[in-house]
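Content type mmCIF, C-alpha atoms and all ligand atoms, from the file protein_28.cif:
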```
data_coords
#
loop_
_atom_site.group_PDB
_atom_site.id
_atom_site.type_symbol
_atom_site.label_atom_id
_atom_site.label_comp_id
_atom_site.auth_asym_id
_atom_site.auth_seq_id
_atom_site.Cartn_x
_atom_site.Cartn_y
_atom_site.Cartn_z
ATOM 1 C CA MET A 701 87.125 103.121 106.718
ATOM 2 C CA GLU A 702 85.821 101.181 103.727
ATOM 3 C CA PRO A 703 86.689 97.469 103.964
ATOM 4 C CA SER A 704 88.047 97.596 100.410
ATOM 5 C CA ALA A 705 90.693 100.062 101.568
ATOM 6 C CA LEU A 706 91.913 97.491 104.063
ATOM 7 C CA MET A 707 91.801 94.435 101.823
ATOM 8 C CA THR A 708 94.841 94.345 99.601
ATOM 9 C CA SER A 709 95.245 90.609 99.013
ATOM 10 C CA PRO A 710 95.483 89.255 95.482
ATOM 11 C CA LEU A 711 94.376 85.839 96.828
ATOM 12 C CA THR A 712 90.756 84.785 96.451
ATOM 13 C CA VAL A 713 89.130 83.527 99.620
ATOM 14 C CA THR A 714 86.096 81.439 100.513
ATOM 15 C CA VAL A 715 84.822 81.459 104.081
ATOM 16 C CA VAL A 716 84.204 77.908 105.288
ATOM 17 C CA CYS A 717 82.569 76.822 108.511
ATOM 18 C CA LEU A 718 83.731 73.405 109.681
ATOM 19 C CA LYS A 719 82.076 71.248 112.324
ATOM 20 C CA GLY A 720 82.390 72.941 115.723
ATOM 21 C CA GLY A 721 83.133 76.356 114.184
ATOM 22 C CA ASP A 722 81.314 79.597 114.915
ATOM 23 C CA ALA A 723 78.830 79.682 111.996
ATOM 24 C CA ARG A 724 77.372 83.093 112.866
ATOM 25 C CA ARG A 725 80.763 84.687 112.935
ATOM 26 C CA ALA A 726 81.793 83.033 109.656
ATOM 27 C CA ARG A 727 78.620 84.282 107.981
ATOM 28 C CA ALA A 728 79.005 87.799 109.388
ATOM 29 C CA PHE A 729 82.592 87.986 108.130
ATOM 30 C CA SER A 730 81.665 86.793 104.643
ATOM 31 C CA ILE A 731 78.804 89.304 104.374
ATOM 32 C CA ARG A 732 80.833 92.193 105.753
ATOM 33 C CA TYR A 733 83.736 91.765 103.354
ATOM 34 C CA GLY A 734 81.966 90.154 100.412
ATOM 35 C CA PHE A 735 83.716 86.779 100.455
ATOM 36 C CA PRO A 736 81.795 83.694 99.239
ATOM 37 C CA LEU A 737 80.617 81.396 102.025
ATOM 38 C CA ILE A 738 80.171 77.651 102.136
ATOM 39 C CA ASP A 739 77.289 77.934 104.426
ATOM 40 C CA SER A 740 76.235 74.448 105.376
ATOM 41 C CA ILE A 741 78.632 73.348 108.077
ATOM 42 C CA GLN A 742 81.251 71.026 106.575
ATOM 43 C CA PRO A 743 82.670 68.190 108.665
ATOM 44 C CA THR A 744 86.125 68.562 107.068
ATOM 45 C CA LEU A 745 88.100 70.843 104.847
ATOM 46 C CA THR A 746 88.267 68.210 102.121
ATOM 47 C CA ASP A 747 84.446 68.056 102.073
ATOM 48 C CA SER A 748 84.271 71.792 101.669
ATOM 49 C CA ILE A 749 86.644 71.727 98.710
ATOM 50 C CA LYS A 750 84.596 68.937 97.110
ATOM 51 C CA SER A 751 81.440 70.969 97.662
ATOM 52 C CA GLY A 752 82.605 73.648 95.312
ATOM 53 C CA CYS A 753 85.344 75.896 96.662
ATOM 54 C CA LYS A 754 86.893 77.467 93.604
ATOM 55 C CA THR A 755 89.020 80.087 95.313
ATOM 56 C CA SER A 756 92.738 79.856 96.104
ATOM 57 C CA CYS A 757 92.225 79.910 99.882
ATOM 58 C CA GLY A 758 89.751 78.974 102.565
ATOM 59 C CA LEU A 759 89.300 80.944 105.762
ATOM 60 C CA CYS A 760 88.116 78.121 107.990
ATOM 61 C CA TYR A 761 86.168 78.497 111.217
ATOM 62 C CA SER A 762 86.471 75.433 113.438
ATOM 63 C CA ALA A 763 86.462 74.563 117.132
ATOM 64 C CA GLN A 764 90.154 75.587 117.172
ATOM 65 C CA GLY A 765 89.380 79.099 115.927
ATOM 66 C CA VAL A 766 90.106 80.609 112.520
ATOM 67 C CA GLU A 767 92.753 79.278 110.140
ATOM 68 C CA LEU A 768 93.672 80.093 106.549
ATOM 69 C CA PHE A 769 94.390 77.209 104.162
ATOM 70 C CA SER A 770 95.760 77.336 100.671
ATOM 71 C CA PHE A 771 93.641 75.139 98.390
ATOM 72 C CA GLU A 772 96.524 75.132 95.937
ATOM 73 C CA ASN A 773 98.662 73.232 98.429
ATOM 74 C CA LYS A 774 97.462 69.668 97.854
ATOM 75 C CA SER A 775 98.474 68.345 101.271
ATOM 76 C CA LEU A 776 96.424 71.010 103.124
ATOM 77 C CA GLY A 777 98.793 70.273 105.969
ATOM 78 C CA HIS A 778 99.801 73.772 106.944
ATOM 79 C CA GLY A 779 97.235 76.422 107.562
ATOM 80 C CA ILE A 780 98.122 79.865 108.866
ATOM 81 C CA ARG A 781 96.781 80.557 112.328
ATOM 82 C CA CYS A 782 97.785 82.442 115.450
ATOM 83 C CA ASP A 783 98.485 80.298 118.441
ATOM 84 C CA PHE A 784 99.562 82.103 121.593
ATOM 85 C CA SER A 785 98.815 79.339 124.085
ATOM 86 C CA GLY A 786 101.006 76.706 122.422
ATOM 87 C CA GLY A 787 103.534 76.245 119.636
ATOM 88 C CA LYS A 788 106.447 78.573 118.996
ATOM 89 C CA ASN A 789 104.896 81.677 120.612
ATOM 90 C CA ASP A 790 104.410 79.872 123.913
ATOM 91 C CA HIS A 791 107.854 78.276 123.706
ATOM 92 C CA ARG A 792 109.472 81.660 123.084
ATOM 93 C CA ARG A 793 107.568 83.233 125.994
ATOM 94 C CA LYS A 794 108.895 80.564 128.345
ATOM 95 C CA TYR A 795 112.401 79.918 127.010
ATOM 96 C CA GLY A 796 113.150 82.701 124.512
ATOM 97 C CA GLY A 797 115.688 84.587 126.616
ATOM 98 C CA GLY A 798 113.481 87.268 128.208
ATOM 99 C CA LYS A 799 114.872 90.775 128.224
ATOM 100 C CA GLY A 800 118.127 89.518 126.714
ATOM 101 C CA GLN A 801 116.444 89.066 123.327
ATOM 102 C CA LEU A 802 117.518 91.462 120.616
ATOM 103 C CA ILE A 803 113.969 92.747 120.088
ATOM 104 C CA ALA A 804 113.767 93.663 123.787
ATOM 105 C CA LYS A 805 117.046 95.576 123.610
ATOM 106 C CA ALA A 806 116.016 97.304 120.388
ATOM 107 C CA VAL A 807 112.714 98.473 121.877
ATOM 108 C CA GLY A 808 114.364 99.446 125.180
ATOM 109 C CA VAL A 809 112.377 97.162 127.453
ATOM 110 C CA SER A 810 115.004 97.254 130.228
ATOM 111 C CA SER A 811 115.417 101.021 130.137
ATOM 112 C CA ARG A 812 111.817 101.739 131.096
ATOM 113 C CA SER A 813 109.171 99.517 132.637
ATOM 114 C CA GLY A 814 105.636 99.376 131.248
ATOM 115 C CA LEU A 815 106.540 100.946 127.900
ATOM 116 C CA HIS A 816 103.593 101.728 125.609
ATOM 117 C CA VAL A 817 104.498 100.225 122.265
ATOM 118 C CA LEU A 818 102.566 100.657 119.044
ATOM 119 C CA ASP A 819 103.079 97.635 116.802
ATOM 120 C CA ALA A 820 101.923 99.324 113.601
ATOM 121 C CA THR A 821 102.403 96.216 111.428
ATOM 122 C CA ALA A 822 100.981 93.527 113.697
ATOM 123 C CA GLY A 823 100.793 90.586 111.247
ATOM 124 C CA LEU A 824 100.290 87.365 113.175
ATOM 125 C CA GLY A 825 101.235 89.104 116.418
ATOM 126 C CA GLY A 826 104.417 87.153 117.265
ATOM 127 C CA ASP A 827 106.598 90.190 117.975
ATOM 128 C CA ALA A 828 103.831 92.007 119.852
ATOM 129 C CA PHE A 829 103.333 88.909 121.991
ATOM 130 C CA VAL A 830 107.030 88.826 122.906
ATOM 131 C CA LEU A 831 106.922 92.497 123.927
ATOM 132 C CA ALA A 832 103.708 92.042 125.935
ATOM 133 C CA SER A 833 105.262 88.994 127.655
ATOM 134 C CA LEU A 834 108.107 91.295 128.746
ATOM 135 C CA GLY A 835 105.712 93.787 130.341
ATOM 136 C CA CYS A 836 105.055 96.278 127.512
ATOM 137 C CA LYS A 837 101.541 97.527 126.822
ATOM 138 C CA VAL A 838 101.132 96.870 123.128
ATOM 139 C CA ARG A 839 98.593 98.302 120.724
ATOM 140 C CA LEU A 840 98.506 96.182 117.566
ATOM 141 C CA LEU A 841 97.389 97.687 114.255
ATOM 142 C CA GLU A 842 96.640 95.450 111.286
ATOM 143 C CA ARG A 843 95.034 96.511 108.019
ATOM 144 C CA SER A 844 94.446 93.200 106.222
ATOM 145 C CA VAL A 845 90.957 91.943 107.054
ATOM 146 C CA ILE A 846 92.091 88.321 106.834
ATOM 147 C CA VAL A 847 95.204 88.744 108.977
ATOM 148 C CA HIS A 848 93.188 90.786 111.479
ATOM 149 C CA GLU A 849 90.585 87.996 111.707
ATOM 150 C CA LEU A 850 93.303 85.365 112.254
ATOM 151 C CA LEU A 851 94.930 87.485 114.948
ATOM 152 C CA LEU A 852 91.665 88.303 116.698
ATOM 153 C CA SER A 853 90.771 84.623 116.775
ATOM 154 C CA GLY A 854 94.240 83.738 118.131
ATOM 155 C CA LEU A 855 93.882 86.242 120.967
ATOM 156 C CA GLU A 856 90.373 85.004 121.803
ATOM 157 C CA GLN A 857 91.401 81.344 121.737
ATOM 158 C CA ALA A 858 94.386 82.035 123.978
ATOM 159 C CA ALA A 859 92.157 83.882 126.447
ATOM 160 C CA SER A 860 89.748 80.960 126.603
ATOM 161 C CA VAL A 861 92.193 78.042 126.755
ATOM 162 C CA GLY A 862 95.419 79.571 128.086
ATOM 163 C CA GLY A 863 96.655 79.267 131.657
ATOM 164 C CA ALA A 864 96.426 81.963 134.327
ATOM 165 C CA ASP A 865 99.963 83.125 133.548
ATOM 166 C CA LEU A 866 98.926 83.995 129.980
ATOM 167 C CA LEU A 867 95.988 86.267 130.833
ATOM 168 C CA PRO A 868 98.008 89.279 132.067
ATOM 169 C CA VAL A 869 100.041 89.113 128.849
ATOM 170 C CA LEU A 870 96.881 89.116 126.720
ATOM 171 C CA ASP A 871 95.487 91.975 128.820
ATOM 172 C CA ARG A 872 98.432 94.066 127.700
ATOM 173 C CA MET A 873 97.555 93.537 124.004
ATOM 174 C CA THR A 874 94.906 95.617 122.214
ATOM 175 C CA LEU A 875 94.105 94.920 118.580
ATOM 176 C CA ILE A 876 92.733 97.510 116.155
ATOM 177 C CA HIS A 877 91.738 96.932 112.545
ATOM 178 C CA THR A 878 93.061 99.955 110.706
ATOM 179 C CA ASP A 879 95.736 101.302 108.427
ATOM 180 C CA ALA A 880 98.483 102.589 110.719
ATOM 181 C CA LYS A 881 99.201 105.638 108.550
ATOM 182 C CA LEU A 882 95.599 106.803 108.930
ATOM 183 C CA TRP A 883 95.557 105.944 112.633
ATOM 184 C CA LEU A 884 98.810 107.787 113.342
ATOM 185 C CA ALA A 885 97.598 110.841 111.450
ATOM 186 C CA GLN A 886 94.797 111.185 114.012
ATOM 187 C CA GLN A 887 97.072 111.005 117.063
ATOM 188 C CA PRO A 888 98.688 113.960 118.835
ATOM 189 C CA SER A 889 102.484 113.991 118.688
ATOM 190 C CA ASP A 890 104.239 112.216 121.573
ATOM 191 C CA SER A 891 101.294 109.825 121.839
ATOM 192 C CA VAL A 892 103.172 106.548 122.146
ATOM 193 C CA ASP A 893 106.550 105.635 123.681
ATOM 194 C CA VAL A 894 107.865 103.399 120.923
ATOM 195 C CA VAL A 895 106.594 102.536 117.446
ATOM 196 C CA TYR A 896 107.601 99.102 116.181
ATOM 197 C CA LEU A 897 107.528 98.325 112.448
ATOM 198 C CA ASP A 898 108.048 95.028 110.648
ATOM 199 C CA PRO A 899 106.821 95.627 107.119
ATOM 200 C CA MET A 900 106.590 92.802 104.621
ATOM 201 C CA PHE A 901 109.333 93.303 102.099
ATOM 202 C CA PRO A 902 112.048 92.165 101.441
ATOM 203 C CA ARG A 903 112.653 88.739 102.974
ATOM 204 C CA ARG A 904 115.621 86.453 102.455
ATOM 205 C CA ASP A 905 115.001 83.741 105.022
ATOM 206 C CA LYS A 906 116.878 80.579 104.169
ATOM 207 C CA THR A 907 114.920 77.482 105.181
ATOM 208 C CA ALA A 908 112.485 75.937 102.741
ATOM 209 C CA LEU A 909 109.641 75.916 105.278
ATOM 210 C CA VAL A 910 110.056 79.585 106.148
ATOM 211 C CA LYS A 911 110.262 80.406 102.470
ATOM 212 C CA LYS A 912 107.040 78.558 101.751
ATOM 213 C CA GLU A 913 105.133 80.127 104.650
ATOM 214 C CA MET A 914 106.506 83.588 103.955
ATOM 215 C CA ARG A 915 105.697 83.338 100.255
ATOM 216 C CA TYR A 916 102.119 82.485 101.094
ATOM 217 C CA PHE A 917 101.888 85.257 103.687
ATOM 218 C CA HIS A 918 103.483 87.659 101.214
ATOM 219 C CA GLU A 919 100.779 86.812 98.655
ATOM 220 C CA LEU A 920 98.171 87.447 101.303
ATOM 221 C CA VAL A 921 99.221 90.953 102.302
ATOM 222 C CA GLY A 922 101.373 92.197 99.408
ATOM 223 C CA SER A 923 104.682 94.043 99.703
ATOM 224 C CA ASP A 924 103.776 96.953 102.008
ATOM 225 C CA GLU A 925 105.098 99.406 99.420
ATOM 226 C CA ASP A 926 103.997 102.347 101.567
ATOM 227 C CA SER A 927 106.223 101.429 104.533
ATOM 228 C CA GLY A 928 108.591 104.390 103.990
ATOM 229 C CA GLU A 929 105.643 106.715 104.433
ATOM 230 C CA LEU A 930 104.652 104.772 107.553
ATOM 231 C CA LEU A 931 108.157 105.185 108.988
ATOM 232 C CA ARG A 932 108.002 108.951 108.521
ATOM 233 C CA SER A 933 104.580 109.189 110.240
ATOM 234 C CA ALA A 934 105.835 106.991 113.079
ATOM 235 C CA ARG A 935 108.869 109.206 113.666
ATOM 236 C CA GLU A 936 106.578 112.198 114.125
ATOM 237 C CA LYS A 937 104.518 110.489 116.829
ATOM 238 C CA ALA A 938 106.935 108.340 118.850
ATOM 239 C CA ILE A 939 108.179 109.833 122.117
ATOM 240 C CA TYR A 940 111.380 107.807 122.361
ATOM 241 C CA ARG A 941 112.078 105.804 119.257
ATOM 242 C CA VAL A 942 110.925 103.936 116.183
ATOM 243 C CA VAL A 943 112.264 100.419 115.725
ATOM 244 C CA VAL A 944 112.250 98.828 112.257
ATOM 245 C CA LYS A 945 112.845 95.104 111.836
ATOM 246 C CA ARG A 946 114.648 94.204 108.613
ATOM 247 C CA ALA A 947 116.184 91.111 107.076
ATOM 248 C CA SER A 948 119.893 91.257 107.925
ATOM 249 C CA ARG A 949 121.108 92.291 104.477
ATOM 250 C CA SER A 950 118.197 94.539 103.506
ATOM 251 C CA PRO A 951 118.803 98.219 102.879
ATOM 252 C CA TRP A 952 117.460 100.791 105.348
ATOM 253 C CA LEU A 953 113.770 101.378 104.955
ATOM 254 C CA ASP A 954 113.207 104.186 102.431
ATOM 255 C CA ASN A 955 116.966 104.829 102.516
ATOM 256 C CA LEU A 956 116.593 106.573 105.889
ATOM 257 C CA LYS A 957 119.725 106.167 108.001
ATOM 258 C CA PRO A 958 118.888 104.970 111.535
ATOM 259 C CA THR A 959 120.536 106.365 114.672
ATOM 260 C CA TYR A 960 122.022 102.905 115.225
ATOM 261 C CA GLU A 961 121.507 99.257 114.267
ATOM 262 C CA MET A 962 121.380 95.986 116.198
ATOM 263 C CA LYS A 963 122.272 92.899 114.189
ATOM 264 C CA GLY A 964 121.120 89.337 114.817
ATOM 265 C CA LYS A 965 121.617 86.134 112.819
ATOM 266 C CA SER A 966 118.833 86.619 110.305
ATOM 267 C CA SER A 967 117.332 89.966 111.191
ATOM 268 C CA ARG A 968 118.447 93.460 112.061
ATOM 269 C CA TYR A 969 116.780 96.221 114.048
ATOM 270 C CA ASP A 970 117.199 99.797 112.810
ATOM 271 C CA ILE A 971 116.598 102.239 115.648
ATOM 272 C CA TYR A 972 115.535 105.841 115.001
ATOM 273 C CA VAL A 973 115.896 107.745 118.266
ATOM 274 C CA ASN A 974 113.730 110.782 119.025
ATOM 275 C CA ARG A 975 114.656 111.126 122.707
ATOM 276 C CA SER A 976 116.806 109.220 125.177
ATOM 277 C CA MET A 977 114.856 106.814 127.355
ATOM 278 C CA SER A 978 116.624 108.079 130.449
ATOM 279 C CA LYS A 979 114.741 111.387 130.041
ATOM 280 C CA LYS A 980 111.062 111.968 130.731
ATOM 281 C CA PRO A 981 108.885 113.815 128.193
ATOM 282 C CA GLY A 982 109.254 117.513 128.997
ATOM 283 C CA ASP A 983 112.793 117.190 130.431
ATOM 284 C CA LEU A 984 115.085 119.727 128.817
ATOM 285 C CA PHE A 985 118.349 117.903 129.443
HETATM 286 C C1 LIG A 1001 105.760 91.008 108.184
HETATM 287 S S1 LIG A 1001 104.148 91.174 108.799
HETATM 288 C C2 LIG A 1001 104.436 91.506 110.510
HETATM 289 C C3 LIG A 1001 104.792 90.274 111.276
HETATM 290 C C4 LIG A 1001 104.741 90.498 112.771
HETATM 291 N N1 LIG A 1001 105.826 91.326 113.233
HETATM 292 C C5 LIG A 1001 104.712 89.192 113.515
HETATM 293 O O1 LIG A 1001 105.526 88.996 114.444
HETATM 294 O O2 LIG A 1001 103.860 88.331 113.199
HETATM 295 C C6 LIG A 1001 103.611 92.748 108.250
HETATM 296 C C7 LIG A 1001 102.139 93.008 108.548
HETATM 297 O O3 LIG A 1001 101.955 94.413 108.619
HETATM 298 C C8 LIG A 1001 100.720 94.744 108.045
HETATM 299 N N2 LIG A 1001 100.828 96.154 107.623
HETATM 300 C C9 LIG A 1001 101.707 96.693 106.755
HETATM 301 N N3 LIG A 1001 101.528 98.012 106.639
HETATM 302 C C10 LIG A 1001 100.498 98.327 107.477
HETATM 303 C C11 LIG A 1001 99.836 99.536 107.798
HETATM 304 N N4 LIG A 1001 100.169 100.707 107.211
HETATM 305 N N5 LIG A 1001 98.831 99.511 108.705
HETATM 306 C C12 LIG A 1001 98.478 98.337 109.292
HETATM 307 N N6 LIG A 1001 99.048 97.156 108.999
HETATM 308 C C13 LIG A 1001 100.054 97.143 108.117
HETATM 309 C C14 LIG A 1001 100.597 93.766 106.877
HETATM 310 O O4 LIG A 1001 99.236 93.628 106.490
HETATM 311 C C15 LIG A 1001 101.184 92.501 107.484
HETATM 312 O O5 LIG A 1001 100.186 91.721 108.089
#
```
Could you render the structure as structure tokens?
Amino acid sequence: MEPSALMTSPLTVTVVCLKGGDARRARAFSIRYGFPLIDSIQPTLTDSIKSGCKTSCGLCYSAQGVELFSFENKSLGHGIRCDFSGGKNDHRRKYGGGKGQLIAKAVGVSSRSGLHVLDATAGLGGDAFVLASLGCKVRLLERSVIVHELLLSGLEQAASVGGADLLPVLDRMTLIHTDAKLWLAQQPSDSVDVVYLDPMFPRRDKTALVKKEMRYFHELVGSDEDSGELLRSAREKAIYRVVVKRASRSPWLDNLKPTYEMKGKSSRYDIYVNRSMSKKPGDLF
């Protein structure tokens, strides 16, 4: 697929290599997708801005992996990065409530072990990581080149610095850079147990921090206007069910009534059942 077909962001991005970052990889990424590169290695992000970054964002390669900073945010405090070996992902893996979590119930983790889940809107991989931590084999599809690069770097960093307990979880996660609609169109029917969707729009999270981060992320990937089409493709290919994550007061995706809903504090899962999980594919009753 042409890179342009996968790059929908209205943000402008410069690739920046900071001290300790992987300069070859930064250069390769900038050439492949046509982003400008600050190509002498910069000791700090502030130096790189001074040396002529005129874009709204910097995709920064450093010893900690790849991180996206908004140059419009003067403090430069919060970049977007994927961290699976620390922070909130790690905390949720250890103390998040295991199979009692709503996402686990919505996907049906307890009903079948080793479920093959397709996370067709991977984003920063948080939901996929929860499902992989609970034993699912998860294929993650992401179409934005920037988000894919952040996620790939997060998975690689976690594999190199994470503890032995993290490696089996990462082994259950496979990342593919593609548009899920195109990918699904090439699969035979009944090719995946569960398809999980968490498209971008709409969001009504309350806290200021979430709002700020989500606004920025929203600008990066757009509104996923084609998610109704994605839901229909997913329903054709899922063996058991399609699960759609929504903000609690959002309408059903594409006005399609789910088989049932599971409601949490801020989000809701709409579940479209194709077949009961107590039956095996091919069972008549
Ligand atoms: C709200 S985010 C998903 C967040 C994710 N559940 C998490 O836990 O981090 C939605 C993501 O889905 C991606 N996306 C939307 N439609 C897609 C499609 N048809 N194929 C691949 N990726 C898609 C967007 O680029 C965006 O990164």
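If you measure from each of A:Phe784, A:Gly720, A:Arg968, A:Val973 to A:Leu802 using all atoms listed in the file, the closest one turns out to be A:Arg968.
Picked by the PyMOL selection byres (((not hetatm)) within 6 of (chain A and resi 1001)) from the coordinates shown: Ala820, Thr821, Ala822, Gly823, Leu824, Gly825, Gly826, Asp827, Leu841, Glu842, Arg843, Ser844, Val847, Thr878, Asp879, Ala880, Lys881, Asp898, Pro899, Met900, Val921 and Asp924 of chain A.
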ask   = Between A:Thr755, A:Ser967, A:Ser891, A:Ser933, which has the minimum distance to A:Ser770 (counting all atoms listed in the file)?
value =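 Smallest distance to A:Ser770 is found for A:Thr755.
On the file presented, the PyMOL selection byres (((chain A and resi 829) around 9) and not hetatm) picks out Phe784, Asn789, Arg793, Gly825, Gly826, Asp827, Ala828, Val830, Leu831, Ala832, Ser833, Leu834, Val838, Val869, Leu870 and Met873 of chain A.
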task = Determine the nearest neighbour of A:Tyr761 from the options A:Glu849, A:Asp893, A:Asp954, A:Asp783, counting all atoms listed in the file.
result =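 Answer, going by the shortest atom-to-atom distance: A:Glu849.
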